[in-house]
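One structure is given here, and the rest of the page talks about it.
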Amino acid sequence: MTEASSFYSHIRNELKSIEASGLLKKERIITSAQQAQIKVQTINGPQTVLNFCANNYLGLSAHPEVVKAAQEALSTHGFGLSSVRFICGTQDLHKTLEARLSQFLGTEDTILYAAAFDANGGLFEPLMGEMDAIVSDEFNHASIIDGIRLSKAKRYRYRHNDMADARRCCEEARRHGARFILVFTDGVFSMDGTIAQLDVLRKICDEFDALLGIDECHATGFMGDTGRGTHEFRGVLGKIDLITGTLGKAMGGASGGFTSGRSEVIQLLRQRSRPYLFSNTLAPSIVGASLKVLDMIQTSTDLRNRLMANTRFFRQAIQAQGFEIKPGEHPIIPIMVYDAVKTQALASRLLELGIYVIGFFFPVVPQGQARIRVQMSAAHSQADLEKAIAAFGQAGRELGVIS
Ligand SMILES: *Cc1c(COP(=O)(O)O)cnc(C)c1O
């Protein structure tokens with residue numbers, strides 16, 4: 001560490017400018033497990049609050065059965081593998097989880113990654129070359145954008161959720177002589193809870209002989225009648241070529257990701273996908289717990305039904321309070337405030353009232369589109385929801401967001 005270098009002062013200036021533009025992200029410290037009710041540190045000391053900003057859709061992040069399954073795998077399979085998969089890092093548990101995920105998603109094979117970010121990061125480069133085209137929604141997740149950047153394929157970007165524009169991109173890619181075309185989209189977009197029109201996209205892909213891939217991070221485990229995901233919700237089960245997803249949200253929330261699809265594709269990813277080849281195996285405890293999660297959600301749809309019932313109730317009740325929300329059906333519920341300062345004030349006041357929510361504003365969402373993003377969980381009780389609705393009403397009236 002040398003002070004002579006201007007590098008460090010350059011970095012400090014970067015930080016200052018992030019702070020000056022109001023974009024510095026501060027992390028709140030939780031001192032309990034992740035669940036409906038959590039303990040957080042605040043400037044006034046520790047506080048117990050209801051959590052409405054986790055991706056804990058099915059309430060499994062601290063579920064006793066999931067924790068027990070993780071502990072059991074820890075005893076039988078150890079803490080870690082200290083290896084990548086292809087050297088000595090593949091256990092029976094990993095193969096079982098891959099098979100179970102394939103069965104659940106309705107695909108032929110699945111490959112596990114340390115995170116969905118890696119699944120997306122290592123997806124495009126091995127599969128799509130310079131003669132090929134990737135057609136991508138402009139609001140796709142950062143990991144998809146980075147993954148596409150790593151491939152040599154020609155890129156086409158369509159306006160968010162605009163099917164006519166997606167078709168235009170496919171048509172252009174064909175006209176430009178693309179060998180293979182892959183259309184890739186988030187199944188569910190995390191800022192608005194928008195559910196991709198996979199039925200329409202499938203038709204467009206069929207018209208242009210294109211492949212269709214989806215990122216199911218905000219869908220796996222609960223979207224569709226049996227929770228298989230957006231493809232089930234949109235009636236195109238078995239008709240998606242590539243599915244990436246996470247174990248770090250609804251599926252227990254620890255970490256881990258996957259890519260699922262045709263057997264030959266997954267086999268090639270095992271040979272060529274760099275985040276798989278050069279990164280450590282998923283911890284056995286996570287794998288064991290994920291198998292338990294699959295058991296739970298495949299024997300009963302109670303949790304996803306509860307989540308959806310909570311979603312319907314909250315969407316209706318928050319509107320009855322006078323708030324404007326982005327319409328939809330997903331447990332991501334964006335409450336539109338539009339003004340960034342008011343959004344932050346509302347989130348702070350709600351925390352005082354025992355409701356933990358996060359405000360989103362530019363550049364995370366477009367300018368003038370500031371909002372509070374509320375996320376439902378199957379772990380929320382009716383009383384939790386009613387408490388949150390009442391707090392929103394009170395804080396909203398105090399701050400003049402509603403009348
Ligand atoms: C959360 C998320 C990811 C990253 O998942 P990790 O497993 O946490 O790396 C990727 N894509 C989308 C759409 C996400 O929401």
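Here, A, B, ... name the chains of the structure tokens in the order displayed, residue numbers run from 1 inside each chain, and ligands are numbered from 1 in the same displayed order.
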* What lies within 12 Å of Ala390 (chain A) using only C-alpha atoms, ignoring chain neighbours under 5 positions off, as a list in words? ->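 So, after excluding close chain neighbours, the residues are Phe314, Ala317, Ile318, Ala320, Gln321, Gly322, Leu350, Leu353, Gly354, Ile355, Ala383, Asp384, Leu385, Ala395, Gly396 and Arg397 of chain A.
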Take the residues just selected and output them with C-alpha atoms as a PDB file, in the first residue's frame.
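Result went into selection28.pdb, see below:
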ATOM      1  CA  PHE A 314     -51.970  -7.394  -0.673  1.00  0.00           C
ATOM      2  CA  ALA A 317     -55.706  -4.027  -0.049  1.00  0.00           C
ATOM      3  CA  ILE A 318     -52.878  -1.612  -0.880  1.00  0.00           C
ATOM      4  CA  ALA A 320     -57.917   0.148  -1.437  1.00  0.00           C
ATOM      5  CA  GLN A 321     -55.646   2.379   0.720  1.00  0.00           C
ATOM      6  CA  GLY A 322     -55.282   4.674  -2.276  1.00  0.00           C
ATOM      7  CA  LEU A 350     -42.316   2.368   7.415  1.00  0.00           C
ATOM      8  CA  LEU A 353     -43.544   1.471  12.036  1.00  0.00           C
ATOM      9  CA  GLY A 354     -41.980  -2.002  11.922  1.00  0.00           C
ATOM     10  CA  ILE A 355     -42.236  -2.671   8.177  1.00  0.00           C
ATOM     11  CA  ALA A 383     -51.932 -10.458  10.524  1.00  0.00           C
ATOM     12  CA  ASP A 384     -48.511  -9.552   9.045  1.00  0.00           C
ATOM     13  CA  LEU A 385     -50.143  -8.383   5.828  1.00  0.00           C
ATOM     14  CA  ALA A 395     -47.089   6.603   6.523  1.00  0.00           C
ATOM     15  CA  GLY A 396     -48.612   7.344   3.118  1.00  0.00           C
ATOM     16  CA  ARG A 397     -51.061   9.859   4.596  1.00  0.00           C
TER      17      ARG A 397
END
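Here the residues within region 223-288 of chain A that DSSP labels alpha helix (DSSP H) on the basis of the backbone are Thr230, His231, Glu232, Phe233, Ser263, Glu264, Val265, Ile266, Gln267, Leu268, Leu269, Arg270, Gln271, Arg272, Arg274, Pro275, Tyr276, Leu277, Pro284, Ser285, Ile286, Val287 and Gly288 of chain A.
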Keeping N, CA and C atoms for every residue in the selection just given, could you write it to a file as a PDB file, in the first residue's frame?
ATOM      1  N   THR A 230     -42.337 -19.889 -15.046  1.00  0.00           N
ATOM      2  CA  THR A 230     -43.064 -19.055 -16.000  1.00  0.00           C
ATOM      3  C   THR A 230     -43.533 -19.854 -17.211  1.00  0.00           C
ATOM      4  N   HIS A 231     -42.770 -20.880 -17.579  1.00  0.00           N
ATOM      5  CA  HIS A 231     -43.195 -21.697 -18.726  1.00  0.00           C
ATOM      6  C   HIS A 231     -44.490 -22.424 -18.403  1.00  0.00           C
ATOM      7  N   GLU A 232     -44.648 -22.865 -17.154  1.00  0.00           N
ATOM      8  CA  GLU A 232     -45.926 -23.478 -16.774  1.00  0.00           C
ATOM      9  C   GLU A 232     -47.027 -22.411 -16.746  1.00  0.00           C
ATOM     10  N   PHE A 233     -46.718 -21.267 -16.156  1.00  0.00           N
ATOM     11  CA  PHE A 233     -47.694 -20.174 -16.048  1.00  0.00           C
ATOM     12  C   PHE A 233     -48.210 -19.760 -17.422  1.00  0.00           C
ATOM     13  N   SER A 263     -30.181 -32.665 -23.285  1.00  0.00           N
ATOM     14  CA  SER A 263     -29.028 -33.391 -22.777  1.00  0.00           C
ATOM     15  C   SER A 263     -27.711 -32.992 -23.462  1.00  0.00           C
ATOM     16  N   GLU A 264     -27.719 -32.876 -24.806  1.00  0.00           N
ATOM     17  CA  GLU A 264     -26.454 -32.584 -25.497  1.00  0.00           C
ATOM     18  C   GLU A 264     -25.942 -31.181 -25.160  1.00  0.00           C
ATOM     19  N   VAL A 265     -26.875 -30.262 -24.905  1.00  0.00           N
ATOM     20  CA  VAL A 265     -26.476 -28.898 -24.539  1.00  0.00           C
ATOM     21  C   VAL A 265     -25.811 -28.907 -23.155  1.00  0.00           C
ATOM     22  N   ILE A 266     -26.430 -29.593 -22.223  1.00  0.00           N
ATOM     23  CA  ILE A 266     -25.884 -29.635 -20.861  1.00  0.00           C
ATOM     24  C   ILE A 266     -24.531 -30.351 -20.863  1.00  0.00           C
ATOM     25  N   GLN A 267     -24.420 -31.417 -21.669  1.00  0.00           N
ATOM     26  CA  GLN A 267     -23.126 -32.119 -21.778  1.00  0.00           C
ATOM     27  C   GLN A 267     -22.034 -31.177 -22.280  1.00  0.00           C
ATOM     28  N   LEU A 268     -22.378 -30.353 -23.273  1.00  0.00           N
ATOM     29  CA  LEU A 268     -21.363 -29.429 -23.807  1.00  0.00           C
ATOM     30  C   LEU A 268     -20.994 -28.369 -22.763  1.00  0.00           C
ATOM     31  N   LEU A 269     -22.005 -27.902 -22.006  1.00  0.00           N
ATOM     32  CA  LEU A 269     -21.706 -26.918 -20.955  1.00  0.00           C
ATOM     33  C   LEU A 269     -20.738 -27.512 -19.928  1.00  0.00           C
ATOM     34  N   ARG A 270     -20.897 -28.793 -19.598  1.00  0.00           N
ATOM     35  CA  ARG A 270     -19.968 -29.431 -18.639  1.00  0.00           C
ATOM     36  C   ARG A 270     -18.542 -29.436 -19.178  1.00  0.00           C
ATOM     37  N   GLN A 271     -18.402 -29.462 -20.508  1.00  0.00           N
ATOM     38  CA  GLN A 271     -17.069 -29.451 -21.116  1.00  0.00           C
ATOM     39  C   GLN A 271     -16.493 -28.047 -21.252  1.00  0.00           C
ATOM     40  N   ARG A 272     -17.377 -27.061 -21.503  1.00  0.00           N
ATOM     41  CA  ARG A 272     -16.869 -25.766 -21.959  1.00  0.00           C
ATOM     42  C   ARG A 272     -17.250 -24.556 -21.101  1.00  0.00           C
ATOM     43  N   ARG A 274     -17.152 -21.943 -18.531  1.00  0.00           N
ATOM     44  CA  ARG A 274     -16.000 -21.606 -17.684  1.00  0.00           C
ATOM     45  C   ARG A 274     -16.332 -21.459 -16.193  1.00  0.00           C
ATOM     46  N   PRO A 275     -17.479 -20.861 -15.816  1.00  0.00           N
ATOM     47  CA  PRO A 275     -17.762 -20.780 -14.372  1.00  0.00           C
ATOM     48  C   PRO A 275     -18.020 -22.164 -13.742  1.00  0.00           C
ATOM     49  N   TYR A 276     -18.370 -23.156 -14.561  1.00  0.00           N
ATOM     50  CA  TYR A 276     -18.537 -24.528 -14.077  1.00  0.00           C
ATOM     51  C   TYR A 276     -17.180 -25.210 -13.968  1.00  0.00           C
ATOM     52  N   LEU A 277     -16.364 -25.034 -14.988  1.00  0.00           N
ATOM     53  CA  LEU A 277     -15.075 -25.718 -15.042  1.00  0.00           C
ATOM     54  C   LEU A 277     -14.089 -25.199 -14.005  1.00  0.00           C
ATOM     55  N   PRO A 284     -22.303 -29.389  -0.163  1.00  0.00           N
ATOM     56  CA  PRO A 284     -23.240 -30.500   0.041  1.00  0.00           C
ATOM     57  C   PRO A 284     -24.469 -30.114   0.868  1.00  0.00           C
ATOM     58  N   SER A 285     -24.288 -29.257   1.868  1.00  0.00           N
ATOM     59  CA  SER A 285     -25.443 -28.894   2.706  1.00  0.00           C
ATOM     60  C   SER A 285     -26.506 -28.163   1.880  1.00  0.00           C
ATOM     61  N   ILE A 286     -26.065 -27.345   0.940  1.00  0.00           N
ATOM     62  CA  ILE A 286     -27.015 -26.628   0.083  1.00  0.00           C
ATOM     63  C   ILE A 286     -27.722 -27.618  -0.847  1.00  0.00           C
ATOM     64  N   VAL A 287     -26.959 -28.567  -1.350  1.00  0.00           N
ATOM     65  CA  VAL A 287     -27.534 -29.560  -2.257  1.00  0.00           C
ATOM     66  C   VAL A 287     -28.565 -30.423  -1.515  1.00  0.00           C
ATOM     67  N   GLY A 288     -28.196 -30.883  -0.326  1.00  0.00           N
ATOM     68  CA  GLY A 288     -29.119 -31.699   0.468  1.00  0.00           C
ATOM     69  C   GLY A 288     -30.388 -30.937   0.810  1.00  0.00           C
TER      70      GLY A 288
END
* Asked: Taking only C-alpha atoms and all ligand atoms into account, which residues are within 6 Å of ligand 1, as an MDAnalysis selection string?
  -> chainID A and resid 115:117 141 143 186 215 217:218 246 248 255:257
* To do: For each of A:Ser290, A:Thr220, A:Asn140, A:Ser9, take the minimum atom-to-atom distance to Thr185 (chain A), counting only C-alpha atoms, then give the residue where this is smallest.
  =>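 Of the candidates, the smallest distance to Thr185 (chain A) is held by A:Asn140.
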Output as a tab-separated table one row per residue of region 271-307 of chain A within 12 Å of region 47-56 of chain A: the closest atom pair and its distance in Å to one decimal place, counting only C-alpha atoms, sorted by chain and residue number ascending.
residue	atom	partner	partner_atom	distance
A:Leu303	CA	A:Asn56	CA	11.4
A:Arg304	CA	A:Asn56	CA	11.5
A:Leu307	CA	A:Asn56	CA	10.2
Keeping only C-alpha atoms, write those residues as a PDB file, in the first residue's frame.
ATOM      1  CA  LEU A 303     -46.783 -22.889   0.004  1.00  0.00           C
ATOM      2  CA  ARG A 304     -47.131 -21.469  -3.505  1.00  0.00           C
ATOM      3  CA  LEU A 307     -47.913 -17.037  -1.539  1.00  0.00           C
TER       4      LEU A 307
END
* Pick the closest to Tyr113 (chain A) from A:Gly245, A:Gly213, A:Gly238, A:Pro327: which is it, counting only C-alpha atoms? ->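 Under the stated criterion, the closest residue is A:Gly245.
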* Would you please work out which residue, of A:Ser377, A:Gln71, A:Gln367, A:Asn120, is nearest to Ala250 (chain A) when using only C-alpha atoms? =>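 Result for the nearest residue to Ala250 (chain A): A:Ser377.
Of the residues listed (A:His330, A:Arg149, A:His176, A:Lys154), A:His330 shows the shortest atom-to-atom separation from Phe189 (chain A); distances use only C-alpha atoms.
Those residues that approach Asp206 (chain A) to within 12 Å, counting only C-alpha atoms, are Arg167, Cys170, Glu171, Ile181, Leu182, Val183, Leu198, Asp199, Val200, Leu212, Lys239, Ile240 and Asp241 of chain A; same-chain residues fewer than 6 positions away are not listed.
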Please, could you write that set of residues out with N, CA, C and O atoms as a PDB file, in the first residue's frame?
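So out25.pdb came out as:
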ATOM      1  N   ARG A 167     -39.875  -9.695 -32.551  1.00  0.00           N
ATOM      2  CA  ARG A 167     -40.053 -10.314 -33.877  1.00  0.00           C
ATOM      3  C   ARG A 167     -39.162  -9.621 -34.916  1.00  0.00           C
ATOM      4  O   ARG A 167     -38.516 -10.278 -35.726  1.00  0.00           O
ATOM      5  N   CYS A 170     -35.668 -10.895 -34.617  1.00  0.00           N
ATOM      6  CA  CYS A 170     -35.506 -12.244 -35.186  1.00  0.00           C
ATOM      7  C   CYS A 170     -35.474 -12.166 -36.708  1.00  0.00           C
ATOM      8  O   CYS A 170     -34.657 -12.826 -37.368  1.00  0.00           O
ATOM      9  N   GLU A 171     -36.350 -11.345 -37.237  1.00  0.00           N
ATOM     10  CA  GLU A 171     -36.445 -11.191 -38.686  1.00  0.00           C
ATOM     11  C   GLU A 171     -35.126 -10.624 -39.224  1.00  0.00           C
ATOM     12  O   GLU A 171     -34.583 -11.123 -40.218  1.00  0.00           O
ATOM     13  N   ILE A 181     -30.329 -18.719 -34.005  1.00  0.00           N
ATOM     14  CA  ILE A 181     -30.842 -17.555 -33.270  1.00  0.00           C
ATOM     15  C   ILE A 181     -31.319 -18.035 -31.904  1.00  0.00           C
ATOM     16  O   ILE A 181     -32.057 -19.023 -31.812  1.00  0.00           O
ATOM     17  N   LEU A 182     -30.892 -17.334 -30.870  1.00  0.00           N
ATOM     18  CA  LEU A 182     -31.371 -17.622 -29.514  1.00  0.00           C
ATOM     19  C   LEU A 182     -32.038 -16.364 -28.956  1.00  0.00           C
ATOM     20  O   LEU A 182     -31.407 -15.310 -28.865  1.00  0.00           O
ATOM     21  N   VAL A 183     -33.320 -16.476 -28.617  1.00  0.00           N
ATOM     22  CA  VAL A 183     -34.024 -15.390 -27.939  1.00  0.00           C
ATOM     23  C   VAL A 183     -33.944 -15.670 -26.448  1.00  0.00           C
ATOM     24  O   VAL A 183     -34.241 -16.787 -26.006  1.00  0.00           O
ATOM     25  N   LEU A 198     -44.157 -15.648 -22.776  1.00  0.00           N
ATOM     26  CA  LEU A 198     -43.429 -16.776 -23.372  1.00  0.00           C
ATOM     27  C   LEU A 198     -44.224 -17.488 -24.450  1.00  0.00           C
ATOM     28  O   LEU A 198     -43.649 -18.061 -25.378  1.00  0.00           O
ATOM     29  N   ASP A 199     -45.548 -17.450 -24.335  1.00  0.00           N
ATOM     30  CA  ASP A 199     -46.380 -18.077 -25.369  1.00  0.00           C
ATOM     31  C   ASP A 199     -46.182 -17.351 -26.708  1.00  0.00           C
ATOM     32  O   ASP A 199     -46.002 -17.975 -27.754  1.00  0.00           O
ATOM     33  N   VAL A 200     -46.165 -16.028 -26.647  1.00  0.00           N
ATOM     34  CA  VAL A 200     -45.954 -15.235 -27.871  1.00  0.00           C
ATOM     35  C   VAL A 200     -44.526 -15.431 -28.390  1.00  0.00           C
ATOM     36  O   VAL A 200     -44.305 -15.648 -29.585  1.00  0.00           O
ATOM     37  N   LEU A 212     -35.422 -20.642 -27.690  1.00  0.00           N
ATOM     38  CA  LEU A 212     -35.927 -19.732 -26.661  1.00  0.00           C
ATOM     39  C   LEU A 212     -35.338 -20.114 -25.312  1.00  0.00           C
ATOM     40  O   LEU A 212     -35.424 -21.274 -24.890  1.00  0.00           O
ATOM     41  N   LYS A 239     -41.529 -26.550 -23.767  1.00  0.00           N
ATOM     42  CA  LYS A 239     -41.261 -25.885 -25.048  1.00  0.00           C
ATOM     43  C   LYS A 239     -40.197 -24.794 -24.950  1.00  0.00           C
ATOM     44  O   LYS A 239     -40.097 -23.932 -25.810  1.00  0.00           O
ATOM     45  N   ILE A 240     -39.426 -24.837 -23.869  1.00  0.00           N
ATOM     46  CA  ILE A 240     -38.351 -23.857 -23.694  1.00  0.00           C
ATOM     47  C   ILE A 240     -37.024 -24.596 -23.880  1.00  0.00           C
ATOM     48  O   ILE A 240     -36.825 -25.677 -23.314  1.00  0.00           O
ATOM     49  N   ASP A 241     -36.129 -24.019 -24.659  1.00  0.00           N
ATOM     50  CA  ASP A 241     -34.877 -24.710 -24.967  1.00  0.00           C
ATOM     51  C   ASP A 241     -33.864 -24.624 -23.833  1.00  0.00           C
ATOM     52  O   ASP A 241     -33.137 -25.578 -23.578  1.00  0.00           O
TER      53      ASP A 241
END
* Asked: Running DSSP on the backbone, which parts of region 30-249 of chain A land in strand (DSSP E), as a PyMOL selection string?
  -> chain A and resi 37-42+45-51+109-113+133-137+154-158+181-186+211-215+242-246
* Find the spatial neighbours of Gly45 (chain A), counting only C-alpha atoms, within a cut-off of 12 Å - ignore same-chain residues fewer than 2 positions away - and output them as a PyMOL selection string. => chain A and resi 29-31+39-43+47-48+352
